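Student: The structure that follows is given in the form of structure tokens.
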Amino acid sequence: MKILRIAMAQMNPTVGDLNGNVRQILSWVREARRAKVDLVAFPELAITGCPPEDLLLKPWFVSENRRALQEIIPACRGLVAIVGYVGQDVKRNPRVLNSEAGGPVLYNAAALIADRRLLGNYHKRSLVNHGVFDEGRYFQLGQRLPLLRVHGVRIGVTLCEDLECSNGLIRRQADGGADVIVNINASPFHRGKSRLRERSLAARARENKVIVTYTNMVGGQDELVFDGNSVILDRAGGVLARGGAFQEELVVADVGVDAVPSGRRTQRRKTRMAETVGADLDRYSVKMPAVEKMRPPIGSTVTEPIEEIEEIYRALVLAVKDYVKKNGFARVALGLSGGVDSALTAVVAVDALGADRVRGVFLPSPYTSQESEADVSELVRRLGIDLSVISITPTFESFCRALAPTFGDRQVDTTEENLQARIRGTILMAVSNKFGDLVLTTGNKSELSVGYATLYGDMAGGFAVIKDVPKTMVYALATFRNGLGSSPVIPERTLDRPPSAELRPDQKDEDSLPPYSVLDLILQAYVEEDRSPDEIIKSGFDRATVDRVVKMVDHSEFKRHQAPIGVKITPRALGKDRRMPITNGYRRL
């Protein structure tokens with residue numbers, strides 16, 4: 001049995017920070033060399049960060065990314081490195097946006113480096129044009145498949161969804177002799193994805209009788225957060241090594257590569273008879289120093305998967321930490337209301353940044369209850385954060401007096417409610433301007449879906465922490481976080497009281513909305529699963545309630561287009577995942 005020592009670098013790059021990303025890659029290469037690995041794999045687009053989006057339309061950015069690769073090659077002494085970057089070709093292609101702008105054709109590429117030499121490149125052959133990605137806007141499809149021979153082991157290299165490609169790329173590499181498939185990835189997190197992903201990888205390993213290594217990125221990038229969970233699977237789909245979730249690390253494993261299964265040998269003999277077999281394979285024979293006798297064996301690390309609710313919480317924390325850090329903010333500020341949404345947001349912020357970098361602002365109005373004031377004080381005490389208390393009552397009364405001649409005898413309605421929210425938003429943004437704090441908004445997915453939020457009010461801010469978290473999940477996350485440590489951080493009464501915006505006397509959310517236990521299920525079906533109103537009704541929901549919710553969702557699109565970005569944690573978030581037109585005359589009859 002041949003032993004191949006493989007390392008997977010779960011790194012956290014910053015989009016556009018080419019120098020910083022190269023420094024990270026070089027540091028991981030040094031660590032891989034100390035571990036005496038044969039091969040180290042880096043994530044997809046590791047040099048540029050992912051997704052680079054319209055930075056790719058800047059020719060100088062692409063050129064600098066290629067120069068950055070040249071800094072990495074000399075450091076890869078005595079090992080093979082697979083590094084994600086942006087490749088380019090001088091030929092023109094009228095279907096590619098860059099070509100229309102006079103630039104070269106671009107590829108989502110993996111550099112194949114061996115012992116300080118660039119062997120070649122692999123260009124991704126299964127571009128992702130769904131969900132949050134639109135690679136077809138930037139990249140051309142690759143045409144070739146690489147097959148490296150390292151210490152007698154044949155290694156195929158793929159990118160991201162090439163593993164799932166209907167063209168059978170993995171099968172062709174396996175039939176061409178591959179023992180190991182190295183897949184580099186930038187796969188963003190959403191609820192339950194890591195388990196689905198690993199099951200799919202295990203199926204590919206079993207079907208093709210190959211060892212599969214899957215290297216994934218870590219870190220937050222705008223509304224995305226990458227979860228790591230890199231994994232190595234044997235030919236039966238069993239886990240040989242697994243990296244942790246939401247943490248940078250070098251995952252190293254000794255992978256035993258036994259003889260090719262007899263079934264595969266038989267299949268190869270049959271396929272060699274066809275002239276097309278291997279026609280798109282580029283074979284590289286890599287001569288490397290023999291190191292097996294010079295290094296003791298190592299034990300593989302198999303980090304256990306974490307529960308779904310912890311995954312979501314850690315995704316929120318990492319996303320906040322990286323957004324603040326990568327955009328150069330020293331502190332954050334948020335409005336505290338005494339409700340569960342702002343409490344959870346504050347706790348996530350403290351866990352991400354530390355109490356000394358979080359400023360709470362309490363903005364009581366004439367309708368703020370004593371319970372809310374007490375709960376805010378208790379939350380601040382438990383978290384140890386700064387608190388500013390600024391009553392909006394004088395400002396609200398002044399606005400009402402100024403507007404009275406214009407409003408005349410019209411009844412008090414949501415206008416006055418929204419006015420309070422907008423005063424609060426103005427004050428929070430003033431704090432941001434004065435101190436340079438990033439304002440975190442505290443609205444959840446349920447509210448934003450149905451428009452139960454105020455433009456330029458509670459939607460005012462720079463980063464929406466729980467924008468993709470339904471209200472019922474907000475409670476689950478708060479309960480989970482309270483279960484950590486020796487005592488709860490969120491006051492129990494905050495979780496027990498009926499939710500209320502407190503913008504009018506005795507207001508409750510359920511005065512305006514269905515119960516959240518019902519609303520969230522309807523929203524999941526309509527927003528995330530694209531089920532029709534009739535389908536939702538047939539699944540057991542009241543027609544009037546469904547029609548009401550659907551109408552609120554459809555009529556609130558203009559608000560969502562003006563909302564700050566927020567962390568994606570569900571399969572379909574209210575951001576790039578769902579790009580509905582504002583002006584939209586379609587109505588399901």
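Naming scheme: A, B, ... for chains in displayed order of the structure tokens; residues 1 onward per chain; ligands 1 onward as shown.
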Env of Lys434 of chain A: 12 Å cut, atoms = only C-alpha atoms, seq-sep filter 6 positions within chain, self excluded. Answer as a count of residues only.
Tutor: 3
Student: When DSSP works through the backbone of this structure, what residues of segment 236-424 of chain A end up as strand (DSSP E), shown as a PyMOL selection string?
Tutor: chain A and resi 239-242+249-257+281-286+332-336+358-362+386-389
Student: Between A:Val105, A:Leu79, A:Val465, A:Leu18, which one has atoms that come closest to Pro59 of chain A, using only C-alpha atoms?
Tutor: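 So, comparing all the options, the nearest one is A:Val105.
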Student: Could you tell me how far atom CA of Val29 of chain A sits from atom CA of Gln247 of chain A, in Å to one decimal place?
Tutor: 17.6 Å
Student: Rounded to one decimal place, report the atom CA of Pro74 of chain A-atom CA of Arg116 of chain A distance in Å.
Tutor: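 We find that atom CA of Pro74 of chain A and atom CA of Arg116 of chain A lie 4.5 Å from each other.
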Student: Would you list the contacts of segment 492-495 of chain A as a ChimeraX atom specification, taking every protein, DNA or RNA residue within 12 Å and counting only C-alpha atoms, but skipping same-chain residues closer than 4 positions in sequence?
Tutor: /A:336-344,371-379,471-472,474-480,482-483,487-488,499-500
Student: Write a file of the just-selected residues containing N, CA, C and O atoms, as a short mmCIF file (atom, residue, chain, number, x, y, z; two decimals), in the first residue's frame.
Tutor:
data_model
loop_
_atom_site.label_atom_id
_atom_site.label_comp_id
_atom_site.auth_asym_id
_atom_site.auth_seq_id
_atom_site.Cartn_x
_atom_site.Cartn_y
_atom_site.Cartn_z
N LEU A 336 -30.97 48.61 21.41
CA LEU A 336 -31.50 47.57 22.29
C LEU A 336 -32.91 47.95 22.71
O LEU A 336 -33.15 49.07 23.16
N SER A 337 -33.83 47.01 22.55
CA SER A 337 -35.24 47.31 22.80
C SER A 337 -35.82 46.56 23.99
O SER A 337 -36.92 46.86 24.44
N GLY A 338 -35.10 45.55 24.47
CA GLY A 338 -35.67 44.65 25.47
C GLY A 338 -36.28 43.42 24.86
O GLY A 338 -36.72 42.51 25.56
N GLY A 339 -36.28 43.35 23.50
CA GLY A 339 -36.83 42.19 22.81
C GLY A 339 -35.76 41.17 22.48
O GLY A 339 -34.56 41.41 22.61
N VAL A 340 -36.22 40.01 22.01
CA VAL A 340 -35.31 38.90 21.77
C VAL A 340 -34.40 39.14 20.57
O VAL A 340 -33.24 38.70 20.54
N ASP A 341 -34.89 39.85 19.54
CA ASP A 341 -34.08 40.08 18.34
C ASP A 341 -32.83 40.90 18.67
O ASP A 341 -31.71 40.54 18.29
N SER A 342 -33.02 42.03 19.34
CA SER A 342 -31.86 42.87 19.66
C SER A 342 -30.98 42.20 20.69
O SER A 342 -29.75 42.36 20.66
N ALA A 343 -31.55 41.42 21.59
CA ALA A 343 -30.75 40.71 22.59
C ALA A 343 -29.84 39.69 21.92
O ALA A 343 -28.64 39.60 22.21
N LEU A 344 -30.40 38.89 21.00
CA LEU A 344 -29.60 37.89 20.30
C LEU A 344 -28.51 38.56 19.47
O LEU A 344 -27.36 38.11 19.47
N GLU A 371 -40.81 46.87 31.78
CA GLU A 371 -40.18 45.56 31.62
C GLU A 371 -39.06 45.61 30.58
O GLU A 371 -37.99 45.02 30.78
N SER A 372 -39.30 46.33 29.49
CA SER A 372 -38.27 46.44 28.45
C SER A 372 -37.05 47.18 28.98
O SER A 372 -35.89 46.78 28.73
N GLU A 373 -37.28 48.26 29.69
CA GLU A 373 -36.17 49.00 30.26
C GLU A 373 -35.35 48.15 31.22
O GLU A 373 -34.11 48.14 31.19
N ALA A 374 -36.05 47.38 32.06
CA ALA A 374 -35.35 46.51 33.01
C ALA A 374 -34.58 45.40 32.30
O ALA A 374 -33.45 45.06 32.69
N ASP A 375 -35.17 44.84 31.24
CA ASP A 375 -34.51 43.75 30.51
C ASP A 375 -33.27 44.25 29.78
O ASP A 375 -32.26 43.54 29.68
N VAL A 376 -33.33 45.47 29.22
CA VAL A 376 -32.16 46.04 28.58
C VAL A 376 -31.04 46.23 29.61
O VAL A 376 -29.87 45.88 29.36
N SER A 377 -31.37 46.78 30.77
CA SER A 377 -30.36 47.00 31.81
C SER A 377 -29.73 45.69 32.25
O SER A 377 -28.51 45.61 32.45
N GLU A 378 -30.53 44.64 32.38
CA GLU A 378 -30.01 43.35 32.82
C GLU A 378 -29.14 42.72 31.74
O GLU A 378 -28.08 42.14 32.03
N LEU A 379 -29.55 42.83 30.47
CA LEU A 379 -28.75 42.28 29.37
C LEU A 379 -27.39 42.97 29.32
O LEU A 379 -26.34 42.31 29.20
N LYS A 471 -38.13 34.10 12.91
CA LYS A 471 -38.38 34.43 14.32
C LYS A 471 -38.33 33.20 15.21
O LYS A 471 -37.77 33.24 16.31
N THR A 472 -38.91 32.10 14.76
CA THR A 472 -38.87 30.90 15.60
C THR A 472 -37.44 30.43 15.81
O THR A 472 -37.09 29.92 16.89
N VAL A 474 -34.88 32.48 15.89
CA VAL A 474 -34.30 33.45 16.82
C VAL A 474 -34.44 32.94 18.25
O VAL A 474 -33.48 32.96 19.04
N TYR A 475 -35.62 32.47 18.58
CA TYR A 475 -35.83 31.93 19.93
C TYR A 475 -34.97 30.70 20.18
O TYR A 475 -34.41 30.52 21.27
N ALA A 476 -34.86 29.83 19.17
CA ALA A 476 -34.05 28.62 19.33
C ALA A 476 -32.59 28.98 19.54
O ALA A 476 -31.90 28.37 20.38
N LEU A 477 -32.08 29.96 18.81
CA LEU A 477 -30.69 30.38 18.96
C LEU A 477 -30.45 31.04 20.32
O LEU A 477 -29.41 30.81 20.96
N ALA A 478 -31.41 31.85 20.75
CA ALA A 478 -31.28 32.49 22.06
C ALA A 478 -31.27 31.44 23.17
O ALA A 478 -30.48 31.53 24.13
N THR A 479 -32.13 30.45 23.06
CA THR A 479 -32.17 29.37 24.06
C THR A 479 -30.86 28.58 24.04
O THR A 479 -30.32 28.23 25.09
N PHE A 480 -30.36 28.30 22.83
CA PHE A 480 -29.08 27.59 22.71
C PHE A 480 -27.96 28.37 23.39
O PHE A 480 -27.18 27.82 24.18
N ASN A 482 -28.15 30.65 25.68
CA ASN A 482 -28.35 30.70 27.13
C ASN A 482 -27.91 29.41 27.81
O ASN A 482 -27.61 29.40 29.01
N GLY A 483 -27.88 28.33 27.05
CA GLY A 483 -27.46 27.05 27.62
C GLY A 483 -25.97 26.88 27.71
O GLY A 483 -25.48 25.91 28.29
N SER A 487 -24.39 30.54 33.34
CA SER A 487 -25.67 31.22 33.54
C SER A 487 -26.13 31.85 32.24
O SER A 487 -25.31 32.18 31.37
N PRO A 488 -27.44 32.05 32.06
CA PRO A 488 -27.97 32.64 30.82
C PRO A 488 -27.47 34.07 30.64
O PRO A 488 -27.31 34.81 31.61
N PRO A 499 -43.71 39.00 21.78
CA PRO A 499 -42.95 40.02 21.06
C PRO A 499 -43.81 41.23 20.70
O PRO A 499 -44.98 41.09 20.33
N SER A 500 -43.20 42.42 20.82
CA SER A 500 -43.92 43.66 20.54
C SER A 500 -42.94 44.72 20.07
O SER A 500 -41.83 44.83 20.58
#
Student: Might you pull out every residue within 8 Å of Leu224 of chain A, with only C-alpha atoms counted and same-chain residues fewer than 5 positions away left off, and present them as a PyMOL selection string?
Tutor: chain A and resi 188-189+319+567-568
Student: Mind running segment 374-481 of chain A against segment 351-355 of chain A at 7 Å and telling me each contacting residue's nearest atom pair with the distance in Å (one decimal), counting only C-alpha atoms, chain and number ascending, as JSON lines?
Tutor:
{"residue": "A:Leu383", "atom": "CA", "partner": "A:Ala355", "partner_atom": "CA", "distance": 6.6}
{"residue": "A:Gly384", "atom": "CA", "partner": "A:Ala355", "partner_atom": "CA", "distance": 5.9}
{"residue": "A:Ile385", "atom": "CA", "partner": "A:Ala355", "partner_atom": "CA", "distance": 5.1}
Student: Between A:Leu112, A:Ile536, A:Ala186, A:Val549, single out the one closest to Asn229 of chain A, counting only C-alpha atoms.
Tutor: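 Of A:Leu112, A:Ile536, A:Ala186, A:Val549, the one nearest Asn229 of chain A, counting only C-alpha atoms, is A:Ala186.
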Student: Need to verify the contact set: Asp554 of chain A, 12 Å, only C-alpha atoms, exclusion of same-chain residues closer than 6 positions in sequence. Can you return it as JSON, numbers by chain?
Tutor: {"A": [448, 449, 450, 451, 523, 526, 527, 547, 548, 560, 580, 581, 582, 583, 584, 585, 586, 587, 588]}
Student: I want to know what sits within 8 Å of Asn121 of chain A, based on only C-alpha atoms, with residues of the same chain fewer than 2 positions away left out; could you give that as a PyMOL selection string?
Tutor: chain A and resi 87+109-112+119+123
